[in-house]
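**Student:** Take a look at target08.cif, mmCIF, C-alpha atoms:
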```cif
data_entry
loop_
_atom_site.label_atom_id
_atom_site.label_comp_id
_atom_site.auth_asym_id
_atom_site.auth_seq_id
_atom_site.Cartn_x
_atom_site.Cartn_y
_atom_site.Cartn_z
CA MET E 1 -93.21 -36.10 68.23
CA ARG E 2 -91.53 -34.62 71.30
CA PRO E 3 -88.05 -33.66 69.94
CA ASN E 4 -87.27 -31.55 72.99
CA THR E 5 -87.53 -34.47 75.43
CA ARG E 6 -85.87 -37.33 73.57
CA ARG E 7 -83.67 -37.99 70.56
CA THR E 8 -85.51 -37.87 67.24
CA THR E 9 -85.73 -41.29 65.60
CA LEU E 10 -86.21 -42.48 62.03
CA ALA E 11 -89.77 -43.43 63.01
CA ASP E 12 -90.46 -39.85 64.09
CA ILE E 13 -89.20 -38.47 60.79
CA ALA E 14 -91.14 -41.09 58.82
CA GLN E 15 -94.38 -40.29 60.63
CA ALA E 16 -94.00 -36.55 60.07
CA ALA E 17 -93.18 -37.03 56.39
CA GLY E 18 -95.92 -39.59 55.81
CA VAL E 19 -93.50 -42.19 54.45
CA SER E 20 -92.05 -45.49 55.60
CA ILE E 21 -89.04 -45.84 57.87
CA ALA E 22 -87.29 -47.60 54.99
CA THR E 23 -87.70 -44.52 52.80
CA VAL E 24 -86.22 -42.26 55.47
CA SER E 25 -83.33 -44.70 55.86
CA LYS E 26 -82.64 -44.50 52.12
CA VAL E 27 -82.45 -40.72 52.30
CA VAL E 28 -80.16 -40.80 55.32
CA ASN E 29 -77.83 -43.25 53.59
CA GLY E 30 -77.73 -41.34 50.30
CA ARG E 31 -79.63 -43.91 48.26
CA GLY E 32 -80.87 -42.72 44.87
CA ASP E 33 -84.18 -44.61 44.63
CA VAL E 34 -86.32 -41.94 46.33
CA ALA E 35 -88.57 -39.48 44.49
CA PRO E 36 -87.08 -35.94 44.49
CA ARG E 37 -90.06 -34.35 46.28
CA THR E 38 -90.09 -37.05 48.94
CA ARG E 39 -86.33 -36.73 49.41
CA ALA E 40 -86.61 -32.94 49.79
CA ARG E 41 -89.38 -33.30 52.40
CA VAL E 42 -87.44 -35.87 54.42
CA GLN E 43 -84.21 -33.85 54.24
CA GLU E 44 -86.07 -30.78 55.46
CA LEU E 45 -87.37 -32.67 58.48
CA LEU E 46 -83.94 -34.15 59.18
CA HIS E 47 -82.54 -30.64 59.14
CA GLN E 48 -85.28 -29.24 61.39
CA HIS E 49 -84.66 -31.93 63.99
CA HIS E 50 -80.83 -31.85 63.66
CA TYR E 51 -80.87 -35.57 63.00
CA LEU E 52 -77.48 -37.26 62.63
CA ALA E 53 -77.53 -40.97 61.98
CA PRO E 54 -75.71 -42.87 64.75
CA VAL E 55 -74.10 -45.20 62.22
CA PHE E 56 -71.85 -42.34 61.07
CA ARG E 57 -70.51 -41.85 64.56
CA HIS E 58 -69.22 -45.44 64.57
CA THR E 59 -68.02 -45.87 61.01
CA ALA E 60 -66.38 -42.48 60.55
CA ILE E 61 -63.29 -43.34 62.58
CA GLU E 62 -62.80 -46.71 60.85
CA SER E 63 -63.03 -45.47 57.26
CA PRO E 64 -63.82 -41.76 57.07
CA THR E 65 -65.06 -40.18 53.87
CA ILE E 66 -63.90 -36.64 53.10
CA GLU E 67 -65.75 -34.34 50.70
CA VAL E 68 -63.41 -32.32 48.46
CA GLN E 69 -65.07 -29.39 46.73
CA PHE E 70 -63.62 -27.10 44.09
CA LYS E 71 -64.98 -24.18 42.13
CA GLY E 72 -64.53 -23.51 38.42
CA GLY E 73 -62.74 -25.71 35.90
CA LEU E 74 -60.35 -28.56 36.64
CA LYS E 75 -57.24 -26.51 35.95
CA PRO E 76 -53.67 -27.83 36.44
CA TYR E 77 -53.45 -26.09 39.83
CA VAL E 78 -56.59 -27.86 41.05
CA ALA E 79 -55.67 -31.19 39.44
CA GLU E 80 -52.25 -31.34 41.08
CA THR E 81 -53.70 -30.40 44.45
CA LEU E 82 -56.33 -33.14 44.10
CA GLU E 83 -53.60 -35.66 43.30
CA GLY E 84 -51.98 -34.89 46.63
CA ILE E 85 -55.30 -35.32 48.45
CA VAL E 86 -56.12 -38.61 46.74
CA ASP E 87 -52.61 -40.04 47.23
CA SER E 88 -52.66 -39.15 50.92
CA ALA E 89 -56.14 -40.66 51.32
CA ALA E 90 -55.01 -43.91 49.69
CA GLY E 91 -52.17 -44.18 52.17
CA SER E 92 -54.40 -43.55 55.17
CA GLY E 93 -57.35 -45.79 54.30
CA ALA E 94 -59.72 -42.84 53.94
CA SER E 95 -62.15 -42.30 51.08
CA VAL E 96 -62.47 -39.11 49.06
CA VAL E 97 -65.47 -37.79 47.14
CA ILE E 98 -64.65 -34.95 44.73
CA SER E 99 -67.37 -32.54 43.65
CA LYS E 100 -67.95 -29.00 42.52
CA ALA E 101 -68.97 -26.64 45.30
CA SER E 102 -72.73 -26.72 45.90
CA ARG E 103 -74.92 -24.28 47.75
CA ALA E 104 -78.20 -26.21 47.62
CA PRO E 105 -80.46 -25.82 50.68
CA HIS E 106 -79.12 -27.72 53.69
CA TRP E 107 -76.13 -28.90 51.65
CA ALA E 108 -73.96 -29.45 54.74
CA ARG E 109 -76.62 -31.60 56.43
CA ASP E 110 -76.95 -33.58 53.20
CA LEU E 111 -73.21 -34.24 53.24
CA VAL E 112 -73.47 -35.61 56.77
CA SER E 113 -76.41 -37.79 55.73
CA ALA E 114 -74.26 -39.14 52.89
CA GLY E 115 -71.51 -40.09 55.36
CA ARG E 116 -69.02 -37.26 54.93
CA ARG E 117 -66.91 -36.47 57.98
CA ALA E 118 -65.10 -33.29 56.84
CA VAL E 119 -64.86 -30.90 53.89
CA ILE E 120 -61.76 -29.73 52.03
CA ALA E 121 -62.30 -26.64 49.87
CA VAL E 122 -60.06 -25.90 46.88
CA THR E 123 -60.54 -22.48 45.21
CA SER E 124 -63.94 -22.16 46.91
CA VAL E 125 -65.20 -19.19 48.91
CA TYR E 126 -67.16 -19.76 52.14
CA THR E 127 -69.28 -17.05 53.74
CA THR E 128 -70.26 -16.77 57.40
CA ALA E 129 -73.61 -18.37 56.52
CA HIS E 130 -71.82 -21.37 54.99
CA LEU E 131 -69.59 -21.72 58.03
CA ASP E 132 -72.61 -21.55 60.32
CA GLU E 133 -74.28 -24.37 58.42
CA LEU E 134 -71.13 -26.49 58.55
CA ALA E 135 -70.91 -25.87 62.29
CA ARG E 136 -74.54 -26.91 62.81
CA ALA E 137 -73.90 -30.06 60.83
CA GLY E 138 -70.73 -30.80 62.81
CA LEU E 139 -68.56 -30.85 59.67
CA PRO E 140 -65.01 -29.47 60.03
CA LEU E 141 -63.65 -27.46 57.09
CA VAL E 142 -60.11 -27.18 55.71
CA VAL E 143 -59.45 -24.53 53.05
CA LEU E 144 -56.57 -24.91 50.62
CA ASP E 145 -54.76 -21.69 49.64
CA PRO E 146 -57.58 -19.42 50.89
CA LEU E 147 -58.48 -16.46 48.70
CA HIS E 148 -59.55 -14.45 51.72
CA LEU E 149 -58.47 -14.33 55.34
CA PRO E 150 -60.18 -17.40 56.80
CA ASP E 151 -62.62 -17.26 59.68
CA SER E 152 -61.16 -18.26 63.04
CA ARG E 153 -63.26 -21.43 62.83
CA VAL E 154 -61.53 -22.54 59.63
CA ASN E 155 -58.30 -24.48 59.34
CA SER E 156 -56.29 -23.68 56.23
CA VAL E 157 -53.22 -24.78 54.28
CA GLY E 158 -51.20 -22.47 52.06
CA ALA E 159 -47.69 -21.63 50.92
CA THR E 160 -45.13 -18.93 51.67
CA ASN E 161 -46.48 -16.52 49.07
CA PHE E 162 -44.58 -13.47 50.31
CA ALA E 163 -41.27 -15.34 50.23
CA GLY E 164 -42.13 -16.62 46.76
CA GLY E 165 -42.82 -13.13 45.46
CA LEU E 166 -39.60 -11.90 47.04
CA ALA E 167 -37.56 -14.71 45.44
CA ALA E 168 -39.08 -14.22 41.98
CA THR E 169 -38.38 -10.48 41.97
CA ARG E 170 -34.89 -10.83 43.41
CA HIS E 171 -34.08 -13.27 40.62
CA LEU E 172 -35.09 -10.72 37.98
CA LEU E 173 -33.18 -7.95 39.75
CA SER E 174 -30.08 -10.14 39.99
CA LEU E 175 -30.16 -10.51 36.20
CA GLY E 176 -30.00 -6.73 35.88
CA HIS E 177 -33.66 -5.87 35.34
CA ARG E 178 -34.95 -2.67 36.93
CA ARG E 179 -38.19 -2.20 34.97
CA VAL E 180 -40.03 -5.11 36.57
CA ALA E 181 -43.84 -5.28 36.62
CA TYR E 182 -46.23 -7.41 38.64
CA LEU E 183 -49.29 -8.84 36.90
CA GLY E 184 -51.42 -10.53 39.53
CA GLY E 185 -54.74 -12.08 40.43
CA PRO E 186 -57.73 -10.59 42.30
CA ALA E 187 -56.64 -7.50 44.23
CA MET E 188 -58.20 -8.65 47.52
CA ALA E 189 -57.03 -12.26 47.37
CA VAL E 190 -54.71 -12.99 50.30
CA CYS E 191 -52.26 -15.00 48.19
CA ASN E 192 -52.11 -12.27 45.55
CA GLN E 193 -51.47 -9.55 48.13
CA ALA E 194 -48.66 -11.57 49.69
CA ARG E 195 -46.97 -12.16 46.32
CA MET E 196 -47.33 -8.49 45.40
CA HIS E 197 -45.89 -7.36 48.75
CA GLY E 198 -42.95 -9.71 48.23
CA TYR E 199 -42.40 -8.09 44.82
CA ARG E 200 -42.59 -4.59 46.26
CA ALA E 201 -40.23 -5.46 49.13
CA ALA E 202 -37.59 -6.73 46.71
CA MET E 203 -37.94 -3.69 44.45
CA GLU E 204 -37.72 -1.27 47.38
CA ALA E 205 -34.65 -2.99 48.81
CA GLU E 206 -32.93 -2.61 45.44
CA GLY E 207 -34.02 1.00 44.99
CA ALA E 208 -35.90 0.12 41.82
CA ARG E 209 -38.81 2.39 40.90
CA VAL E 210 -42.35 0.92 40.85
CA PRO E 211 -44.71 3.11 38.81
CA ASP E 212 -48.41 2.60 39.58
CA SER E 213 -48.87 1.28 36.03
CA TYR E 214 -46.44 -1.57 36.76
CA VAL E 215 -48.75 -3.25 39.28
CA ARG E 216 -51.92 -4.65 37.74
CA PRO E 217 -54.47 -6.93 39.45
CA GLY E 218 -56.67 -9.25 37.41
CA GLU E 219 -57.70 -12.88 37.55
CA PHE E 220 -55.64 -16.05 37.77
CA THR E 221 -56.39 -16.84 34.13
CA TYR E 222 -54.68 -17.03 30.74
CA LYS E 223 -57.03 -14.34 29.41
CA SER E 224 -56.04 -12.00 32.23
CA GLY E 225 -52.41 -12.53 31.24
CA LEU E 226 -53.19 -11.59 27.64
CA LEU E 227 -55.03 -8.40 28.64
CA GLY E 228 -52.60 -7.35 31.35
CA ALA E 229 -49.53 -7.87 29.19
CA THR E 230 -51.13 -5.88 26.37
CA ALA E 231 -51.51 -2.93 28.76
CA LEU E 232 -48.00 -3.27 30.22
CA LEU E 233 -46.21 -3.68 26.89
CA GLY E 234 -48.14 -0.74 25.47
CA LEU E 235 -46.69 1.70 28.02
CA ASP E 236 -44.28 4.44 26.91
CA GLU E 237 -41.70 2.78 29.14
CA PRO E 238 -42.67 -0.91 29.13
CA PRO E 239 -41.15 -3.36 31.59
CA THR E 240 -38.24 -5.57 30.57
CA ALA E 241 -39.50 -8.27 32.94
CA ILE E 242 -42.91 -9.34 34.23
CA PHE E 243 -43.57 -11.35 37.38
CA ALA E 244 -46.92 -13.07 36.87
CA GLY E 245 -49.15 -14.10 39.76
CA ASN E 246 -49.49 -17.66 38.45
CA ASP E 247 -48.43 -19.86 35.53
CA GLU E 248 -51.63 -19.26 33.54
CA ILE E 249 -51.09 -15.51 33.63
CA ALA E 250 -47.45 -16.03 32.62
CA LEU E 251 -48.47 -18.01 29.53
CA GLY E 252 -50.81 -15.20 28.54
CA VAL E 253 -47.90 -12.77 28.89
CA ILE E 254 -45.67 -14.93 26.68
CA GLU E 255 -48.33 -15.17 23.97
CA THR E 256 -48.94 -11.40 23.99
CA ALA E 257 -45.19 -10.75 23.73
CA ARG E 258 -44.88 -13.10 20.76
CA ALA E 259 -47.81 -11.43 19.01
CA ARG E 260 -45.92 -8.13 19.32
CA GLY E 261 -42.75 -9.64 17.85
CA LEU E 262 -40.89 -9.84 21.17
CA ARG E 263 -38.65 -12.77 22.02
CA ILE E 264 -38.69 -14.58 25.36
CA PRO E 265 -36.35 -14.09 27.20
CA GLU E 266 -34.18 -11.89 24.93
CA ASP E 267 -36.68 -9.00 24.83
CA LEU E 268 -38.82 -9.83 27.87
CA SER E 269 -38.22 -12.03 30.89
CA VAL E 270 -41.23 -13.76 32.47
CA VAL E 271 -41.62 -15.49 35.85
CA GLY E 272 -44.72 -17.42 36.92
CA PHE E 273 -46.01 -18.88 40.17
CA ASP E 274 -47.19 -22.44 41.06
CA ASP E 275 -44.95 -24.67 38.89
CA THR E 276 -47.83 -26.61 37.37
CA SER E 277 -47.48 -28.77 34.27
CA LEU E 278 -48.06 -25.60 32.24
CA ALA E 279 -44.69 -24.23 33.35
CA ARG E 280 -42.84 -27.32 32.22
CA MET E 281 -44.66 -27.47 28.85
CA ALA E 282 -44.30 -23.76 28.06
CA SER E 283 -42.04 -22.62 25.23
CA PRO E 284 -39.57 -21.66 26.47
CA PRO E 285 -39.94 -23.59 29.74
CA LEU E 286 -41.11 -21.15 32.40
CA THR E 287 -39.08 -19.87 35.31
CA THR E 288 -41.55 -19.98 38.17
CA VAL E 289 -42.05 -20.18 41.93
CA ARG E 290 -42.94 -23.71 42.94
CA GLN E 291 -45.87 -24.14 45.28
CA PRO E 292 -45.76 -27.67 46.72
CA LEU E 293 -49.30 -28.35 45.49
CA ARG E 294 -49.34 -32.12 46.08
CA GLU E 295 -47.84 -31.69 49.52
CA MET E 296 -50.43 -29.01 50.31
CA GLY E 297 -53.18 -31.41 49.30
CA GLY E 298 -51.74 -34.14 51.49
CA THR E 299 -51.46 -31.79 54.46
CA ALA E 300 -55.08 -30.71 54.00
CA LEU E 301 -56.25 -34.34 53.92
CA ARG E 302 -54.33 -35.26 57.08
CA THR E 303 -55.69 -32.17 58.84
CA ALA E 304 -59.25 -33.05 57.81
CA LEU E 305 -58.83 -36.59 59.15
CA ARG E 306 -57.60 -35.33 62.51
CA LEU E 307 -60.55 -32.96 62.80
CA ALA E 308 -62.99 -35.68 61.71
CA GLY E 309 -61.62 -37.88 64.48
CA GLY E 310 -62.30 -35.21 67.09
CA GLU E 311 -58.66 -34.14 67.43
CA LYS E 312 -57.30 -30.61 67.19
CA ALA E 313 -55.13 -29.60 64.27
CA GLU E 314 -51.47 -28.98 65.00
CA SER E 315 -51.84 -25.42 63.71
CA HIS E 316 -54.76 -23.21 62.68
CA HIS E 317 -52.93 -22.27 59.46
CA VAL E 318 -50.06 -24.18 57.85
CA GLU E 319 -47.74 -22.66 55.25
CA LEU E 320 -45.42 -24.86 53.20
CA ALA E 321 -42.23 -23.47 51.68
CA THR E 322 -42.08 -22.19 48.11
CA GLU E 323 -39.02 -22.54 45.88
CA LEU E 324 -37.79 -20.64 42.82
CA VAL E 325 -37.31 -22.90 39.79
CA VAL E 326 -35.15 -21.24 37.14
CA ARG E 327 -35.76 -22.29 33.54
CA ALA E 328 -35.39 -20.62 30.16
CA SER E 329 -37.89 -17.73 30.29
CA THR E 330 -35.57 -15.32 32.12
CA ALA E 331 -32.29 -13.69 31.05
CA PRO E 332 -30.44 -10.37 31.51
CA PRO E 333 -32.07 -7.39 29.79
CA ARG E 334 -30.64 -6.01 26.60
CA GLU E 335 -27.74 -3.62 27.26
CA GLU E 336 -29.61 -0.48 26.19
CA THR E 337 -32.41 -1.05 28.73
CA ARG E 338 -30.31 -2.33 31.62
CA THR E 339 -30.00 0.88 33.65
CA VAL E 340 -33.19 2.65 32.62
CA GLY E 341 -35.48 3.20 35.63
CA HIS E 342 -32.73 2.55 38.20
CA ARG E 343 -32.68 4.92 41.14
CA GLY E 344 -29.72 5.38 43.42
#
```
I need this file expressed as structure tokens, please.
**Tutor:**
Amino acid sequence: MRPNTRRTTLADIAQAAGVSIATVSKVVNGRGDVAPRTRARVQELLHQHHYLAPVFRHTAIESPTIEVQFKGGLKPYVAETLEGIVDSAAGSGASVVISKASRAPHWARDLVSAGRRAVIAVTSVYTTAHLDELARAGLPLVVLDPLHLPDSRVNSVGATNFAGGLAATRHLLSLGHRRVAYLGGPAMAVCNQARMHGYRAAMEAEGARVPDSYVRPGEFTYKSGLLGATALLGLDEPPTAIFAGNDEIALGVIETARARGLRIPEDLSVVGFDDTSLARMASPPLTTVRQPLREMGGTALRTALRLAGGEKAESHHVELATELVVRASTAPPREETRTVGHRG
């Protein structure tokens, strides 16, 4: 082979691998009837020679296929986001393949060989090495609600998390609460920091004190809500209201309060974030900040299609507006706790 002087062909790859051209073609097209060791050898050679099947260059524009990867369980947040992606794809004639995030060797090149034209990541973390591999494979990436500040090469879609945190806390303050705590997700997550800063901005503007013990990072999980609420409600001066970083955390808070004999919202007001199905099914129904999850999914899909078609995205990062949805989990604090902790 002389890969430096001409384009590598299927015949070149077949000769190097010691297999037929038909076998190489099956690997390139994602067929399953190839022995694992043979497939691995062929994929390694395809990667070494940066082979990209010409057929994908012609068919991608007509009916592109987008890979959607998510990490962890299929939680309501992920499910509602995926609905938005799938609905948008159906309206645009695109195809969507949903999978859990994989970091197998040459995974990006394998996606190209299987006909994918772009990747949408939901709750997945991509390192510089991952981005380099995607770039080598020519696969654009769109990240939904990024946990960390995205690389300049990454397009992303999120929501106005700071404004949402501000609105949630202002709502509690308007009811008369002054002992308001924030129980959030991972400390370094961009969305968590924005929600927390919105909370702090509202508290500062009102002159309400924020003890260090009132701000607790954790995970975006029900269990984290249970543990965090246990710590907050065990304080000598517990909060009368808790702003939770997402709906799962909020449900953990509600359950912990009930286990301690507290009533929601008479003894403790709770606000969540996301407005997933959990918020609507909670008892009492949860006051929460609505993230437009389906719309975010649709925006990510349309962005991925533009990038797959060789166009530039309208914006490197898109933020959709959040909205406070008031339900039955918030109320004014009891009279004896209304002014405790107020400054000024």
**Student:** Can you pull out the residues contacting region 256-268 of chain E? Cut-off 10 Å, using only C-alpha atoms, and skip same-chain residues under 6 positions away; I want them as number ranges by chain.
**Tutor:** E: 177, 180, 225-230, 233-234, 238-242, 250, 283-284, 286, 328-334, 337
**Student:** Between CA of Val215 (chain E) and CA of Tyr182 (chain E), what is the distance in Å, rounded to a tenth?
**Tutor:**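 Spanning CA of Val215 (chain E) to CA of Tyr182 (chain E) is a straight-line distance of 4.9 Å.
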**Student:** Compare E:Asn161, E:Thr8, E:Thr303, E:Thr38 by their minimum atom-to-atom distance to Ser20 (chain E), counting only C-alpha atoms, and give me the closest one.
**Tutor:**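 Looking only at the distances to Ser20 (chain E), the closest residue turns out to be E:Thr38.
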**Student:** Can you spell out as a VMD selection string the set of residues that the PyMOL selection byres ((chain E and resi 307) around 10) selects in the structure I just provided?
**Tutor:** chain E and resid 117 to 118 139 to 142 155 301 to 306 308 to 313
**Student:** Of the candidates E:Asp145, E:Glu314, E:Glu133, E:Glu80, which one gets nearest to Ala121 (chain E) if we count all atoms listed in the file?
**Tutor:**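 Of E:Asp145, E:Glu314, E:Glu133, E:Glu80, the one nearest Ala121 (chain E) is E:Asp145, counting all atoms listed in the file.
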**Student:** Near Val122 (chain E), within 9 Å and counting only C-alpha atoms, which residues show up once chain neighbours fewer than 4 positions away are dropped, as a list in words?
**Tutor:** Val68, Gln69, Phe70, Lys71, Val78, Thr81, Leu82, Val142, Val143, Leu144, Asp145 and Pro146 of chain E
